[in-house]
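*Asks:* Take a look at entry16.txt, compact mmCIF, C-alpha atoms (C1' of nucleotides):
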```txt
# COMPACT_ATOMS: atom_id res chain seq x y z
CA MET A 245 13.30 0.89 -18.10
CA LYS A 246 16.85 2.05 -18.63
CA GLU A 247 19.23 0.02 -16.55
CA LYS A 248 21.77 2.45 -15.23
CA GLU A 249 24.26 1.01 -12.84
CA LEU A 250 22.39 1.52 -9.60
CA ARG A 251 24.35 2.08 -6.46
CA ILE A 252 22.41 2.63 -3.27
CA ASP A 253 24.43 3.74 -0.29
CA GLY A 254 23.58 4.00 3.38
CA ILE A 255 21.84 7.34 2.97
CA ASP A 256 19.60 5.98 0.23
CA LYS A 257 18.72 3.12 2.50
CA VAL A 258 17.76 5.42 5.35
CA ILE A 259 15.59 7.46 3.02
CA LEU A 260 13.87 4.42 1.60
CA LYS A 261 13.45 2.81 4.99
CA HIS A 262 11.41 5.79 6.09
CA LEU A 263 9.36 6.02 2.92
CA ILE A 264 8.66 2.31 2.75
CA ASN A 265 7.06 2.57 6.15
CA ASP A 266 5.22 5.80 5.46
CA ALA A 267 5.21 7.24 1.98
CA ARG A 268 4.06 10.61 3.28
CA THR A 269 6.97 11.17 5.61
CA PRO A 270 8.09 14.74 4.90
CA ILE A 271 11.34 14.74 3.03
CA LEU A 272 12.64 17.52 5.21
CA SER A 273 12.18 15.52 8.38
CA ILE A 274 14.32 12.77 6.88
CA ALA A 275 16.83 15.38 5.83
CA ARG A 276 17.10 16.69 9.36
CA GLU A 277 17.61 13.23 10.77
CA ILE A 278 20.37 12.39 8.34
CA GLY A 279 21.91 15.82 8.52
CA ILE A 280 21.87 16.76 4.85
CA SER A 281 19.76 19.24 2.94
CA GLY A 282 16.29 18.55 1.68
CA ALA A 283 17.44 19.22 -1.84
CA ALA A 284 19.96 16.42 -1.59
CA ILE A 285 17.22 14.00 -0.64
CA HIS A 286 15.21 15.22 -3.58
CA GLN A 287 18.05 14.53 -5.96
CA ARG A 288 18.52 11.06 -4.56
CA LEU A 289 14.84 10.30 -4.82
CA ARG A 290 14.77 11.41 -8.42
CA LYS A 291 17.70 9.14 -9.09
CA LEU A 292 16.00 6.23 -7.35
CA GLU A 293 12.79 6.83 -9.25
CA ALA A 294 14.60 7.08 -12.54
CA SER A 295 16.35 3.80 -11.85
CA GLY A 296 12.98 2.11 -11.40
CA LEU A 297 13.82 0.87 -7.94
CA VAL A 298 10.99 2.93 -6.54
CA ALA A 299 7.90 1.75 -8.35
CA GLY A 300 5.63 4.33 -6.76
CA SER A 301 3.79 4.78 -3.54
CA LYS A 302 0.46 3.46 -2.40
CA PHE A 303 -2.06 3.96 0.34
CA MET A 304 -2.72 0.66 2.03
CA ILE A 305 -6.35 -0.28 2.64
CA ASN A 306 -7.23 -2.52 5.56
CA PRO A 307 -9.73 -5.02 4.12
CA LYS A 308 -11.00 -6.03 7.55
CA VAL A 309 -12.56 -2.63 8.09
CA LEU A 310 -14.63 -3.26 4.96
CA GLY A 311 -15.67 -6.62 6.36
CA TYR A 312 -13.26 -8.72 4.31
CA GLU A 313 -12.10 -11.26 6.86
CA THR A 314 -11.30 -14.26 4.69
CA LEU A 315 -8.05 -14.55 2.76
CA ALA A 316 -7.47 -17.60 0.62
CA PHE A 317 -5.21 -18.98 -2.04
CA VAL A 318 -6.84 -20.91 -4.83
CA GLY A 319 -4.96 -23.25 -7.13
CA VAL A 320 -6.62 -23.29 -10.53
CA HIS A 321 -6.34 -26.20 -12.95
CA LEU A 322 -6.83 -25.41 -16.61
CA ASP A 323 -8.10 -27.57 -19.44
CA THR A 324 -5.18 -28.41 -21.63
CA ALA A 325 -6.83 -26.57 -24.46
CA SER A 326 -7.37 -23.41 -22.48
CA LYS A 327 -5.98 -20.05 -23.31
CA TYR A 328 -4.21 -18.69 -20.26
CA SER A 329 -4.74 -15.07 -21.23
CA GLU A 330 -8.48 -15.55 -21.70
CA VAL A 331 -8.83 -17.01 -18.23
CA ILE A 332 -6.74 -14.24 -16.70
CA LYS A 333 -8.96 -11.68 -18.35
CA ARG A 334 -12.01 -13.29 -16.73
CA LEU A 335 -10.30 -13.53 -13.36
CA ASN A 336 -9.35 -9.88 -13.60
CA GLU A 337 -13.03 -9.00 -13.77
CA ILE A 338 -13.58 -10.56 -10.35
CA SER A 339 -12.73 -7.84 -7.88
CA GLU A 340 -12.09 -10.27 -5.04
CA VAL A 341 -9.11 -11.69 -6.93
CA VAL A 342 -6.18 -9.55 -5.79
CA GLU A 343 -3.25 -11.56 -7.15
CA SER A 344 -2.67 -14.05 -9.92
CA HIS A 345 0.40 -16.11 -10.74
CA TYR A 346 1.12 -18.44 -13.59
CA THR A 347 2.92 -21.21 -11.77
CA THR A 348 4.88 -24.35 -12.28
CA GLY A 349 3.82 -27.34 -10.27
CA ASN A 350 0.40 -28.73 -9.56
CA TRP A 351 -1.73 -26.02 -11.09
CA ALA A 352 -1.54 -23.59 -13.91
CA ILE A 353 -2.63 -20.55 -11.92
CA LEU A 354 -2.47 -19.61 -8.29
CA ILE A 355 -4.69 -16.75 -7.19
CA LYS A 356 -5.13 -14.89 -3.94
CA VAL A 357 -8.68 -13.88 -3.09
CA LEU A 358 -10.22 -11.65 -0.41
CA CYS A 359 -13.75 -12.41 0.77
CA LYS A 360 -16.00 -11.26 3.55
CA ASN A 361 -16.44 -14.72 5.02
CA ASN A 362 -16.45 -18.37 4.12
CA GLU A 363 -19.86 -18.28 2.50
CA HIS A 364 -18.77 -15.43 0.33
CA LEU A 365 -15.71 -17.42 -0.67
CA LEU A 366 -17.79 -20.46 -1.43
CA SER A 367 -20.20 -18.56 -3.64
CA LEU A 368 -17.35 -16.75 -5.32
CA LEU A 369 -15.75 -20.04 -6.25
CA SER A 370 -18.85 -21.84 -7.42
CA ASP A 371 -20.66 -18.92 -9.04
CA LYS A 372 -17.79 -17.04 -10.58
CA VAL A 373 -14.43 -18.77 -10.69
CA GLN A 374 -15.60 -22.22 -11.61
CA GLN A 375 -17.95 -20.78 -14.21
CA ILE A 376 -15.01 -19.52 -16.23
CA LYS A 377 -14.58 -21.52 -19.40
CA GLY A 378 -11.28 -23.37 -19.31
CA ILE A 379 -11.08 -23.78 -15.54
CA SER A 380 -11.50 -27.43 -14.75
CA LYS A 381 -10.86 -27.66 -11.05
CA THR A 382 -9.84 -25.55 -8.08
CA GLU A 383 -8.16 -26.26 -4.80
CA THR A 384 -8.58 -23.83 -1.91
CA PHE A 385 -6.23 -22.97 0.95
CA LEU A 386 -7.56 -20.68 3.63
CA SER A 387 -5.06 -18.38 5.25
CA LEU A 388 -5.88 -18.62 8.92
CA ASP A 389 -3.08 -16.34 9.98
CA GLN A 390 -0.74 -14.08 8.08
CA HIS A 391 2.38 -13.27 10.04
CA ILE A 392 5.03 -12.06 7.62
CA ASN A 393 4.12 -9.35 5.15
CA ARG A 394 6.90 -7.13 3.93
CA GLN A 395 8.99 -6.01 1.01
CA ILE A 396 12.39 -7.17 -0.11
CA LYS A 397 15.24 -6.09 2.14
CA LEU A 398 17.45 -3.40 0.66
CA MET B 252 -9.14 0.80 17.07
CA LYS B 253 -12.57 2.22 17.80
CA GLU B 254 -15.13 0.77 15.44
CA LYS B 255 -17.29 3.68 14.49
CA GLU B 256 -19.89 2.97 11.90
CA LEU B 257 -17.86 3.74 8.79
CA ARG B 258 -19.62 5.30 5.90
CA ILE B 259 -17.56 6.06 2.81
CA ASP B 260 -19.28 8.12 0.17
CA GLY B 261 -18.36 8.96 -3.38
CA ILE B 262 -16.00 11.74 -2.35
CA ASP B 263 -14.09 9.44 -0.03
CA LYS B 264 -13.76 6.97 -2.86
CA VAL B 265 -12.35 9.56 -5.22
CA ILE B 266 -9.84 10.63 -2.59
CA LEU B 267 -8.77 7.07 -1.86
CA LYS B 268 -8.65 6.12 -5.52
CA HIS B 269 -6.03 8.80 -6.06
CA LEU B 270 -4.01 7.99 -2.98
CA ILE B 271 -4.08 4.24 -3.55
CA ASN B 272 -2.40 4.85 -6.88
CA ASP B 273 0.02 7.45 -5.61
CA ALA B 274 0.26 8.17 -1.93
CA ARG B 275 2.05 11.44 -2.57
CA THR B 276 -0.67 13.01 -4.68
CA PRO B 277 -1.08 16.55 -3.30
CA ILE B 278 -4.27 16.83 -1.33
CA LEU B 279 -5.00 20.19 -2.90
CA SER B 280 -4.94 18.78 -6.40
CA ILE B 281 -7.54 16.24 -5.37
CA ALA B 282 -9.49 19.04 -3.74
CA ARG B 283 -9.51 21.05 -6.94
CA GLU B 284 -10.67 18.08 -8.96
CA ILE B 285 -13.55 17.33 -6.63
CA GLY B 286 -14.39 20.95 -6.07
CA ILE B 287 -14.15 21.17 -2.30
CA SER B 288 -11.56 22.76 -0.06
CA GLY B 289 -8.30 21.13 0.88
CA ALA B 290 -9.21 21.29 4.52
CA ALA B 291 -12.30 19.21 3.85
CA ILE B 292 -10.16 16.49 2.28
CA HIS B 293 -7.87 16.69 5.23
CA GLN B 294 -10.77 16.19 7.63
CA ARG B 295 -12.02 13.22 5.66
CA LEU B 296 -8.59 11.65 5.61
CA ARG B 297 -8.30 11.96 9.37
CA LYS B 298 -11.66 10.27 9.69
CA LEU B 299 -10.61 7.46 7.36
CA GLU B 300 -7.37 6.98 9.22
CA ALA B 301 -9.15 6.96 12.57
CA SER B 302 -11.51 4.29 11.28
CA GLY B 303 -8.54 2.08 10.44
CA LEU B 304 -9.56 1.73 6.80
CA VAL B 305 -6.37 3.43 5.77
CA ALA B 306 -3.59 1.32 7.21
CA GLY B 307 -0.86 3.69 6.11
CA SER B 308 1.09 4.39 2.98
CA LYS B 309 4.10 2.66 1.53
CA PHE B 310 6.74 3.21 -1.09
CA MET B 311 6.79 0.23 -3.41
CA ILE B 312 10.18 -1.24 -4.22
CA ASN B 313 10.70 -2.99 -7.54
CA PRO B 314 12.67 -6.14 -6.68
CA LYS B 315 13.82 -6.66 -10.26
CA VAL B 316 16.01 -3.59 -10.12
CA LEU B 317 17.85 -5.20 -7.21
CA GLY B 318 18.27 -8.35 -9.27
CA TYR B 319 15.47 -10.31 -7.67
CA GLU B 320 13.90 -12.01 -10.65
CA THR B 321 12.48 -15.17 -9.11
CA LEU B 322 9.22 -15.21 -7.22
CA ALA B 323 8.02 -18.46 -5.74
CA PHE B 324 5.48 -19.89 -3.37
CA VAL B 325 6.65 -22.63 -1.06
CA GLY B 326 4.33 -24.97 0.76
CA VAL B 327 5.89 -26.01 4.04
CA HIS B 328 5.01 -29.25 5.82
CA LEU B 329 5.58 -29.33 9.56
CA ASP B 330 6.35 -32.25 11.87
CA THR B 331 3.28 -32.95 13.90
CA ALA B 332 5.18 -32.04 17.03
CA SER B 333 6.36 -28.71 15.68
CA LYS B 334 5.62 -25.40 17.21
CA TYR B 335 4.21 -23.13 14.56
CA SER B 336 5.38 -19.94 16.24
CA GLU B 337 8.95 -21.21 16.51
CA VAL B 338 9.07 -21.97 12.82
CA ILE B 339 7.59 -18.60 11.92
CA LYS B 340 10.23 -16.90 14.03
CA ARG B 341 12.95 -18.68 12.05
CA LEU B 342 11.28 -17.92 8.74
CA ASN B 343 11.03 -14.28 9.73
CA GLU B 344 14.81 -14.18 10.01
CA ILE B 345 15.12 -15.09 6.33
CA SER B 346 14.85 -11.81 4.47
CA GLU B 347 13.83 -13.47 1.21
CA VAL B 348 10.58 -14.61 2.83
CA VAL B 349 8.15 -11.78 2.21
CA GLU B 350 4.86 -13.42 3.18
CA SER B 351 3.77 -16.26 5.40
CA HIS B 352 0.36 -17.81 5.84
CA TYR B 353 -0.85 -20.50 8.17
CA THR B 354 -3.12 -22.44 5.88
CA THR B 355 -5.66 -25.18 5.79
CA GLY B 356 -5.12 -27.85 3.19
CA ASN B 357 -2.03 -29.72 2.15
CA TRP B 358 0.56 -27.83 4.15
CA ALA B 359 0.77 -26.00 7.41
CA ILE B 360 2.46 -22.92 6.04
CA LEU B 361 2.55 -21.23 2.67
CA ILE B 362 5.30 -18.69 2.13
CA LYS B 363 6.14 -16.33 -0.67
CA VAL B 364 9.83 -15.87 -1.37
CA LEU B 365 11.81 -13.50 -3.56
CA CYS B 366 15.16 -14.66 -4.94
CA LYS B 367 17.65 -13.43 -7.48
CA ASN B 368 17.45 -16.53 -9.62
CA ASN B 369 16.74 -20.23 -9.49
CA GLU B 370 20.09 -21.13 -7.95
CA HIS B 371 19.52 -18.60 -5.22
CA LEU B 372 16.10 -20.14 -4.58
CA LEU B 373 17.55 -23.60 -4.49
CA SER B 374 20.25 -22.70 -1.98
CA LEU B 375 17.76 -20.74 0.08
CA LEU B 376 15.53 -23.77 0.35
CA SER B 377 18.20 -26.33 1.07
CA ASP B 378 20.52 -24.21 3.23
CA LYS B 379 18.03 -22.15 5.16
CA VAL B 380 14.40 -23.20 4.98
CA GLN B 381 14.86 -26.92 5.15
CA GLN B 382 17.39 -26.53 7.96
CA ILE B 383 14.72 -25.14 10.25
CA LYS B 384 13.84 -27.64 12.96
CA GLY B 385 10.26 -28.77 12.55
CA ILE B 386 10.07 -28.36 8.79
CA SER B 387 9.80 -31.78 7.25
CA LYS B 388 9.20 -31.12 3.59
CA THR B 389 8.66 -28.32 1.14
CA GLU B 390 6.95 -28.00 -2.19
CA THR B 391 7.87 -25.17 -4.53
CA PHE B 392 5.79 -23.31 -7.11
CA LEU B 393 7.56 -20.83 -9.30
CA SER B 394 5.60 -17.80 -10.36
CA LEU B 395 6.43 -17.44 -14.03
CA ASP B 396 4.14 -14.50 -14.55
CA GLN B 397 2.22 -12.27 -12.19
CA HIS B 398 -0.66 -10.50 -13.87
CA ILE B 399 -3.08 -9.32 -11.21
CA ASN B 400 -1.72 -7.38 -8.26
CA ARG B 401 -4.06 -4.96 -6.56
CA GLN B 402 -5.97 -4.06 -3.47
CA ILE B 403 -9.54 -4.76 -2.52
CA LYS B 404 -12.11 -2.72 -4.41
CA LEU B 405 -13.76 0.01 -2.38
C1' DC C 83 21.98 26.84 0.68
C1' DA C 84 18.54 30.29 0.17
C1' DT C 85 14.31 31.74 -1.60
C1' DG C 86 9.61 32.32 -3.61
C1' DA C 87 5.82 29.40 -4.51
C1' DA C 88 2.89 25.70 -3.17
C1' DA C 89 0.87 22.81 0.11
C1' DA C 90 -0.46 21.28 4.66
C1' DT C 91 -2.29 22.35 8.99
C1' DC C 92 -5.17 24.49 12.40
C1' DA C 93 -8.93 26.99 14.50
C1' DA C 94 -13.14 29.20 14.30
C1' DG C 95 -17.32 30.03 12.30
C1' DC C 96 -20.92 29.06 8.86
C1' DT C 97 -24.45 26.17 6.53
C1' DT C 98 -27.74 22.63 6.11
C1' DG C 99 -30.58 18.78 6.95
C1' DC D 388 -27.99 19.96 17.15
C1' DA D 389 -24.51 17.58 14.66
C1' DA D 390 -21.82 16.73 10.66
C1' DG D 391 -19.38 18.51 7.23
C1' DC D 392 -17.64 22.49 4.70
C1' DT D 393 -15.26 27.03 4.19
C1' DT D 394 -12.19 30.57 5.04
C1' DG D 395 -8.06 32.66 6.12
C1' DA D 396 -4.05 32.96 9.01
C1' DT D 397 0.14 30.29 10.16
C1' DT D 398 3.57 26.88 9.54
C1' DT D 399 5.91 23.65 6.80
C1' DT D 400 7.49 21.72 2.67
C1' DC D 401 8.75 21.79 -2.12
C1' DA D 402 11.68 22.63 -6.05
C1' DT D 403 14.64 25.59 -8.39
C1' DG D 404 18.72 28.61 -9.35
```
Here is a file; write its structure as structure tokens.

*Replies:*
Amino acid sequence: MKEKELRIDGIDKVILKHLINDARTPILSIAREIGISGAAIHQRLRKLEASGLVAGSKFMINPKVLGYETLAFVGVHLDTASKYSEVIKRLNEISEVVESHYTTGNWAILIKVLCKNNEHLLSLLSDKVQQIKGISKTETFLSLDQHINRQIKL
Amino acid sequence: MKEKELRIDGIDKVILKHLINDARTPILSIAREIGISGAAIHQRLRKLEASGLVAGSKFMINPKVLGYETLAFVGVHLDTASKYSEVIKRLNEISEVVESHYTTGNWAILIKVLCKNNEHLLSLLSDKVQQIKGISKTETFLSLDQHINRQIKL
DNA sequence: CATGAAAATCAAGCTTG
DNA sequence: CAAGCTTGATTTTCATG
């Protein structure tokens, strides 16, 4: 969490560009492309990790292969008296909820959910989400098509 | 893209659980933990990749280190005459837009944007997003706090 | 940059249901 | 027989001085 003055140059960007696309790219193959030693890449990566810019690396799972075809956003209205953290704790226990945001605007919470199909989504909402104490109302937006999905540009 | 009947057993889950958390976990260390050979893990991973369940691996960048502190969702209303694909193409040129969804409900498009601060968001919306031909109106929801952020459960 | 140690990869061959 | 595992040789990568 130490904020050292972080300077990323062109070489860092090339390194990260590779690893953002494929975290298992061999460091030496990047080194060969850039024309510097593998050890140099190592040092830069350690620096980037220490700075916190690189938060880690993850395998990406394709939900469709597991039969999860329905992606939706759900705006959640809370009772005025409700404890936000209590509701989040309940939402966290629902594995289909993959994101939650405390938001300004119409609702208190916006969540992203992954379901197998529309029936699954419907039962999830009525049997689980809307059963949570403190949630008064929900508003659902199906994602029919996700085009852009990327990370921040370096 | 061949859909072979995919069966993932407990061993596959252990392997993926490690790699979802850290894509650079050495395969042999997973092998030792499970008690099978590294080559066996390798074979299973090839199978999982061939099935499409594993969509790849990515380095995760922490936007805050780059000064991007503001996350927002923006609902985009389109003119009835508007071409969705044209608008998406324009949105795709805006690097701050990291997700886009064609949605049912109030808007046509829901996007997720990353900005350095509120002024940056404001100028992004007025100077770039709302300049796109076909976009009639936008509605912004600031994410004040993101708690849940994960992948689908295996 | 060079080097020993570790890991990944590959090809047979073995085991088991 | 087929699927999955093991073994061991070979290549590649890692991490350190």

*Asks:* Produce the least-squares-superposed copy of chain A, fitted on chain B over all in-order C-alpha pairs, as a CSV table (one decimal) with C-alpha atoms, in the coordinates of the input.

*Replies:*
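Result file follows (selection_39.csv):
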```csv
chain,number,residue,atom,x,y,z
A,245,MET,CA,-9.1,-0.4,16.8
A,246,LYS,CA,-12.4,1.3,17.6
A,247,GLU,CA,-15.1,0.2,15.2
A,248,LYS,CA,-17.1,3.3,14.4
A,249,GLU,CA,-19.8,2.9,11.9
A,250,LEU,CA,-17.8,3.7,8.8
A,251,ARG,CA,-19.6,5.2,5.8
A,252,ILE,CA,-17.5,6.0,2.8
A,253,ASP,CA,-19.2,8.1,0.1
A,254,GLY,CA,-18.3,8.9,-3.4
A,255,ILE,CA,-15.9,11.7,-2.4
A,256,ASP,CA,-14.0,9.4,-0.1
A,257,LYS,CA,-13.7,6.9,-2.9
A,258,VAL,CA,-12.3,9.5,-5.2
A,259,ILE,CA,-9.8,10.6,-2.6
A,260,LEU,CA,-8.7,7.0,-1.8
A,261,LYS,CA,-8.5,6.1,-5.5
A,262,HIS,CA,-5.9,8.8,-6.0
A,263,LEU,CA,-3.9,8.0,-2.9
A,264,ILE,CA,-4.0,4.2,-3.5
A,265,ASN,CA,-2.3,4.9,-6.8
A,266,ASP,CA,0.1,7.5,-5.5
A,267,ALA,CA,0.4,8.2,-1.9
A,268,ARG,CA,2.2,11.4,-2.5
A,269,THR,CA,-0.6,13.0,-4.6
A,270,PRO,CA,-1.0,16.5,-3.2
A,271,ILE,CA,-4.2,16.8,-1.3
A,272,LEU,CA,-4.9,20.1,-2.8
A,273,SER,CA,-4.8,18.7,-6.3
A,274,ILE,CA,-7.4,16.2,-5.4
A,275,ALA,CA,-9.4,19.0,-3.7
A,276,ARG,CA,-9.4,21.0,-6.9
A,277,GLU,CA,-10.5,18.1,-9.0
A,278,ILE,CA,-13.4,17.3,-6.7
A,279,GLY,CA,-14.3,20.9,-6.2
A,280,ILE,CA,-14.1,21.1,-2.4
A,281,SER,CA,-11.6,22.7,-0.1
A,282,GLY,CA,-8.3,21.1,0.9
A,283,ALA,CA,-9.4,21.3,4.5
A,284,ALA,CA,-12.4,19.1,3.8
A,285,ILE,CA,-10.2,16.4,2.3
A,286,HIS,CA,-8.0,16.6,5.4
A,287,GLN,CA,-11.0,16.1,7.7
A,288,ARG,CA,-12.1,13.1,5.6
A,289,LEU,CA,-8.6,11.6,5.6
A,290,ARG,CA,-8.4,11.9,9.4
A,291,LYS,CA,-11.7,10.2,9.7
A,292,LEU,CA,-10.6,7.4,7.3
A,293,GLU,CA,-7.3,7.0,9.2
A,294,ALA,CA,-9.1,6.9,12.6
A,295,SER,CA,-11.5,4.3,11.3
A,296,GLY,CA,-8.5,2.1,10.4
A,297,LEU,CA,-9.5,1.7,6.8
A,298,VAL,CA,-6.3,3.4,5.8
A,299,ALA,CA,-3.5,1.3,7.2
A,300,GLY,CA,-0.8,3.7,6.1
A,301,SER,CA,1.2,4.4,3.0
A,302,LYS,CA,4.2,2.7,1.6
A,303,PHE,CA,6.8,3.3,-1.1
A,304,MET,CA,6.9,0.3,-3.4
A,305,ILE,CA,10.2,-1.2,-4.2
A,306,ASN,CA,10.7,-2.9,-7.6
A,307,PRO,CA,12.7,-6.1,-6.7
A,308,LYS,CA,13.8,-6.6,-10.3
A,309,VAL,CA,16.0,-3.6,-10.2
A,310,LEU,CA,17.8,-5.2,-7.3
A,311,GLY,CA,18.2,-8.3,-9.4
A,312,TYR,CA,15.4,-10.3,-7.7
A,313,GLU,CA,13.8,-12.0,-10.7
A,314,THR,CA,12.4,-15.2,-9.1
A,315,LEU,CA,9.1,-15.2,-7.2
A,316,ALA,CA,7.9,-18.4,-5.7
A,317,PHE,CA,5.4,-19.9,-3.3
A,318,VAL,CA,6.6,-22.6,-1.0
A,319,GLY,CA,4.3,-24.9,0.8
A,320,VAL,CA,5.8,-26.0,4.1
A,321,HIS,CA,4.9,-29.2,5.9
A,322,LEU,CA,5.5,-29.2,9.6
A,323,ASP,CA,6.3,-32.1,11.9
A,324,THR,CA,3.2,-32.8,14.0
A,325,ALA,CA,5.2,-31.9,17.1
A,326,SER,CA,6.3,-28.6,15.8
A,327,LYS,CA,5.6,-25.3,17.3
A,328,TYR,CA,4.2,-23.0,14.6
A,329,SER,CA,5.4,-19.8,16.2
A,330,GLU,CA,9.0,-21.1,16.5
A,331,VAL,CA,9.1,-21.9,12.8
A,332,ILE,CA,7.6,-18.5,11.9
A,333,LYS,CA,10.2,-16.8,14.0
A,334,ARG,CA,13.0,-18.6,12.0
A,335,LEU,CA,11.3,-17.8,8.7
A,336,ASN,CA,11.1,-14.2,9.7
A,337,GLU,CA,14.8,-14.1,10.0
A,338,ILE,CA,15.1,-15.0,6.3
A,339,SER,CA,14.9,-11.8,4.4
A,340,GLU,CA,13.8,-13.4,1.2
A,341,VAL,CA,10.6,-14.6,2.8
A,342,VAL,CA,8.1,-11.7,2.2
A,343,GLU,CA,4.9,-13.4,3.2
A,344,SER,CA,3.8,-16.2,5.4
A,345,HIS,CA,0.3,-17.7,5.9
A,346,TYR,CA,-0.9,-20.4,8.2
A,347,THR,CA,-3.1,-22.4,5.9
A,348,THR,CA,-5.7,-25.1,5.9
A,349,GLY,CA,-5.2,-27.8,3.3
A,350,ASN,CA,-2.1,-29.6,2.2
A,351,TRP,CA,0.5,-27.7,4.2
A,352,ALA,CA,0.7,-25.9,7.5
A,353,ILE,CA,2.4,-22.8,6.1
A,354,LEU,CA,2.5,-21.2,2.7
A,355,ILE,CA,5.3,-18.6,2.2
A,356,LYS,CA,6.1,-16.3,-0.7
A,357,VAL,CA,9.8,-15.8,-1.4
A,358,LEU,CA,11.8,-13.5,-3.6
A,359,CYS,CA,15.1,-14.6,-5.0
A,360,LYS,CA,17.6,-13.4,-7.5
A,361,ASN,CA,17.4,-16.5,-9.7
A,362,ASN,CA,16.7,-20.2,-9.5
A,363,GLU,CA,20.0,-21.1,-8.0
A,364,HIS,CA,19.4,-18.6,-5.3
A,365,LEU,CA,16.0,-20.1,-4.6
A,366,LEU,CA,17.5,-23.6,-4.5
A,367,SER,CA,20.2,-22.7,-2.0
A,368,LEU,CA,17.7,-20.7,0.0
A,369,LEU,CA,15.5,-23.7,0.3
A,370,SER,CA,18.2,-26.3,1.1
A,371,ASP,CA,20.5,-24.2,3.2
A,372,LYS,CA,18.0,-22.1,5.1
A,373,VAL,CA,14.4,-23.2,5.0
A,374,GLN,CA,14.8,-26.9,5.2
A,375,GLN,CA,17.4,-26.5,7.9
A,376,ILE,CA,14.7,-25.1,10.2
A,377,LYS,CA,13.8,-27.6,13.0
A,378,GLY,CA,10.2,-28.7,12.6
A,379,ILE,CA,10.0,-28.3,8.8
A,380,SER,CA,9.7,-31.7,7.3
A,381,LYS,CA,9.1,-31.1,3.6
A,382,THR,CA,8.6,-28.3,1.2
A,383,GLU,CA,6.9,-28.0,-2.1
A,384,THR,CA,7.8,-25.1,-4.5
A,385,PHE,CA,5.7,-23.3,-7.1
A,386,LEU,CA,7.5,-20.8,-9.3
A,387,SER,CA,5.5,-17.8,-10.4
A,388,LEU,CA,6.3,-17.5,-14.0
A,389,ASP,CA,4.0,-14.5,-14.5
A,390,GLN,CA,2.2,-12.3,-12.2
A,391,HIS,CA,-0.7,-10.5,-13.9
A,392,ILE,CA,-3.1,-9.3,-11.2
A,393,ASN,CA,-1.7,-7.4,-8.3
A,394,ARG,CA,-4.1,-4.9,-6.6
A,395,GLN,CA,-5.9,-4.0,-3.4
A,396,ILE,CA,-9.5,-4.7,-2.5
A,397,LYS,CA,-12.1,-2.7,-4.4
A,398,LEU,CA,-13.7,0.0,-2.4
```

*Asks:* Give the residues of chain D that lie within 12 Å of chain B; count only C-alpha atoms (C1' of nucleotides), and format the answer as a ChimeraX atom specification.

*Replies:* /D:390-395,400-401

*Asks:* Kindly provide, as an mmCIF file with C-alpha atoms, in the frame of the given file, the residues of chain B having any atom no farther than 10 Å from an atom of chain C, counting only C-alpha atoms (C1' of nucleotides).

*Replies:*
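And here is the file that came out, selection15.cif:
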```cif
data_model
loop_
_atom_site.group_PDB
_atom_site.id
_atom_site.type_symbol
_atom_site.label_atom_id
_atom_site.label_comp_id
_atom_site.auth_asym_id
_atom_site.auth_seq_id
_atom_site.Cartn_x
_atom_site.Cartn_y
_atom_site.Cartn_z
ATOM 1 C CA PRO B 277 -1.080 16.550 -3.300
ATOM 2 C CA ILE B 278 -4.270 16.830 -1.330
ATOM 3 C CA LEU B 279 -5.000 20.190 -2.900
ATOM 4 C CA SER B 280 -4.940 18.780 -6.400
ATOM 5 C CA GLY B 289 -8.300 21.130 0.880
ATOM 6 C CA ALA B 290 -9.210 21.290 4.520
ATOM 7 C CA HIS B 293 -7.870 16.690 5.230
#
```

*Asks:* Could you check which of A:Val258, A:Leu388, A:Leu369, A:Ile274 is closest to chain B, using all atoms listed in the file?

*Replies:*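 Checking each of A:Val258, A:Leu388, A:Leu369, A:Ile274 against chain B, counting all atoms listed in the file, the winner is A:Leu388.
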
*Asks:* Just need the residues of chain B within 7 Å of chain A, counting all atoms listed in the file, so spit them out as a short mmCIF file (atom, residue, chain, number, x, y, z; two decimals) with C-alpha atoms, in the coordinates of the input.

*Replies:*
```cif
data_model
loop_
_atom_site.label_atom_id
_atom_site.label_comp_id
_atom_site.auth_asym_id
_atom_site.auth_seq_id
_atom_site.Cartn_x
_atom_site.Cartn_y
_atom_site.Cartn_z
CA LEU B 270 -4.01 7.99 -2.98
CA ILE B 271 -4.08 4.24 -3.55
CA ASN B 272 -2.40 4.85 -6.88
CA ASP B 273 0.02 7.45 -5.61
CA ALA B 274 0.26 8.17 -1.93
CA ARG B 275 2.05 11.44 -2.57
CA GLY B 303 -8.54 2.08 10.44
CA LEU B 304 -9.56 1.73 6.80
CA VAL B 305 -6.37 3.43 5.77
CA ALA B 306 -3.59 1.32 7.21
CA GLY B 307 -0.86 3.69 6.11
CA SER B 308 1.09 4.39 2.98
CA LYS B 309 4.10 2.66 1.53
CA PHE B 310 6.74 3.21 -1.09
CA MET B 311 6.79 0.23 -3.41
CA ILE B 312 10.18 -1.24 -4.22
CA ASN B 313 10.70 -2.99 -7.54
CA PRO B 314 12.67 -6.14 -6.68
CA VAL B 316 16.01 -3.59 -10.12
CA ASN B 343 11.03 -14.28 9.73
CA SER B 346 14.85 -11.81 4.47
CA GLU B 347 13.83 -13.47 1.21
CA VAL B 349 8.15 -11.78 2.21
CA GLU B 350 4.86 -13.42 3.18
CA SER B 351 3.77 -16.26 5.40
CA HIS B 352 0.36 -17.81 5.84
CA TYR B 353 -0.85 -20.50 8.17
CA THR B 354 -3.12 -22.44 5.88
CA THR B 355 -5.66 -25.18 5.79
CA GLY B 356 -5.12 -27.85 3.19
CA PHE B 392 5.79 -23.31 -7.11
CA LEU B 393 7.56 -20.83 -9.30
CA SER B 394 5.60 -17.80 -10.36
CA LEU B 395 6.43 -17.44 -14.03
CA ASP B 396 4.14 -14.50 -14.55
CA GLN B 397 2.22 -12.27 -12.19
CA HIS B 398 -0.66 -10.50 -13.87
CA ILE B 399 -3.08 -9.32 -11.21
CA ASN B 400 -1.72 -7.38 -8.26
CA ARG B 401 -4.06 -4.96 -6.56
CA GLN B 402 -5.97 -4.06 -3.47
CA ILE B 403 -9.54 -4.76 -2.52
CA LYS B 404 -12.11 -2.72 -4.41
#
```
